[in-house]
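Student: Here you go, one structure.
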Amino acid sequence: MSVQRSDILDYETYGDARPEIRARVLQTKALRRIPVADVLTFLFENHETIRYQILEMVRTERIVREADIVHEIRTYNELLGGPGELGCTLLICIDDPAERDVKLRAWLDLLGRLYVKVEGGERIRATWDPRQVGDDRLSSVQYLKFPLGARAPVAVGVDHPELTAETELSAEQRAALVADLAEAAAASAS
């Protein structure tokens with residue numbers, strides 16, 4: 001379900017409600033944050049996580065013009081998966097700047113090696129907008145989608161020649177992602 005304009009508070013009202021909203025979103029994100037191989041963090045997005053990002057942007061930038069708020073909503077809604085998809089922000093976390101630069105150049109083909117494993121063992125590969133990948137270097141933040149259909153995810157992994165690992169999802173994580181898929185399906189049906 002995409003974020004609507006009516007979901008976004010003005011930054012003053014949001015400031016008053018921020019502690020409560022933030023606490024709720026951190027719980028939501030905790031179930032959707034999946035570390036893989038000590039350097040990759042998959043953060044699966046949903047309505048609440050995207051709404052929070054927009055609210056934070058409006059607050060931080062003190063955005064008041066309606067056109068600018070609508071622009072933020074459109075931009076961030078692109079991170080959500082459509083029907084049968086999970087949207088995901090991938091963070092490549094390498095602290096040392098020199099090592100990070102070397103790895104982001106060596107891992108230029110990394111996105112095609114990321115997957116969500118579904119029940120039955122099939123690996124569903126990530127899709128992404130090719131405009132977010134440079135000619136000689138990967139950015140340390142990537143936006144992905146995983147077209148799962150109605151299949152339940154059970155693990156998240158990478159099978160790159162230089163980086164191979166898989167993280168099995170807990171029952172709570174699986175339930176959260178299945179709920180996100182169901183929410184997207186229900187939103188598209190209405």
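Each chain in the structure tokens gets a letter, A, B and so on, in the order shown; residues start at 1 in every chain, and ligands are counted from 1 in the order they appear.
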What's around stretch 153-166 of chain A at 9 Å? Count only C-alpha atoms, leave out sequence neighbours fewer than 3 positions away in its own chain, and write the answer as a ChimeraX atom specification.
Tutor: /A:34-37,42,106-107,109-119,121,123,148,169-171,173-174,177-178
Student: Name the residues in contact with A:Ile94 at a cut-off of 12 Å, using only C-alpha atoms, excluding same-chain residues fewer than 5 positions from it; report them as number ranges by chain.
Tutor: A: 37-41, 99-104, 139-141
Student: Tell me which protein, DNA and RNA residues are within 10 Å of A:Ser2, counting only C-alpha atoms, leaving out same-chain ones fewer than 2 positions away, and put them as an MDAnalysis selection string.
Tutor: chainID A and resid 4:5 7 46:48 50:51 73:74 76:82 184 187:188
Student: Write out as a PyMOL selection string all residues of stretch 25-128 of chain A that DSSP puts in helix (DSSP H, G or I) for this structure's backbone.
Tutor: chain A and resi 25-32+47-61+66-77+97-106+110-113
Student: What lies within 9 Å of A:Tyr52 using only C-alpha atoms, ignoring chain neighbours under 2 positions off, as a PDB file with C-alpha atoms, in the first residue's frame?
Tutor:
ATOM      1  CA  ILE A   8       1.871  12.871   6.000  1.00  0.00           C
ATOM      2  CA  ILE A  21       5.875   7.068  15.690  1.00  0.00           C
ATOM      3  CA  ARG A  22       9.630   6.482  15.799  1.00  0.00           C
ATOM      4  CA  VAL A  25       8.684   2.172  13.217  1.00  0.00           C
ATOM      5  CA  HIS A  47       3.964   1.463   4.235  1.00  0.00           C
ATOM      6  CA  GLU A  48       5.103   2.353   7.750  1.00  0.00           C
ATOM      7  CA  THR A  49       8.846   2.455   7.012  1.00  0.00           C
ATOM      8  CA  ILE A  50       8.326   4.592   3.907  1.00  0.00           C
ATOM      9  CA  ILE A  54       8.923  10.845   4.268  1.00  0.00           C
ATOM     10  CA  LEU A  55       7.956  12.318   7.629  1.00  0.00           C
ATOM     11  CA  GLU A  56      11.622  12.546   8.587  1.00  0.00           C
ATOM     12  CA  MET A  57      12.511  14.216   5.287  1.00  0.00           C
TER      13      MET A  57
END
Student: For A:Trp128, please output as a ChimeraX atom specification all residues within 8 Å (counting only C-alpha atoms; exclusion window: fewer than 4 positions along the same chain).
Tutor: /A:111,132,143-145
Student: Quick one: pull the distance between atom CA of A:Val64 and atom CA of A:Cys88, Å, one decimal.
Tutor: 28.0 Å
Student: Could you find all residues in stretch 45-113 of chain A that DSSP calls strand (DSSP E) from the backbone, and write them as a PyMOL selection string?
Tutor: chain A and resi 85-92
Student: Write to file, as a compact mmCIF listing (two decimals), in the first residue's frame, the residues of the selection just made, with C-alpha atoms.
Tutor:
# COMPACT_ATOMS: atom_id res chain seq x y z
CA GLU A 85 6.87 -7.84 -4.72
CA LEU A 86 8.93 -6.95 -1.69
CA GLY A 87 10.72 -3.62 -1.91
CA CYS A 88 14.09 -3.47 -0.20
CA THR A 89 16.84 -1.02 0.62
CA LEU A 90 20.24 -2.72 0.52
CA LEU A 91 23.02 -1.21 2.61
CA ILE A 92 26.57 -2.31 1.86
Student: Distance atom CA of A:Leu181-atom CA of A:Ala150, one decimal place?
Tutor: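 Distance reported for this atom pair: 7.1 Å.
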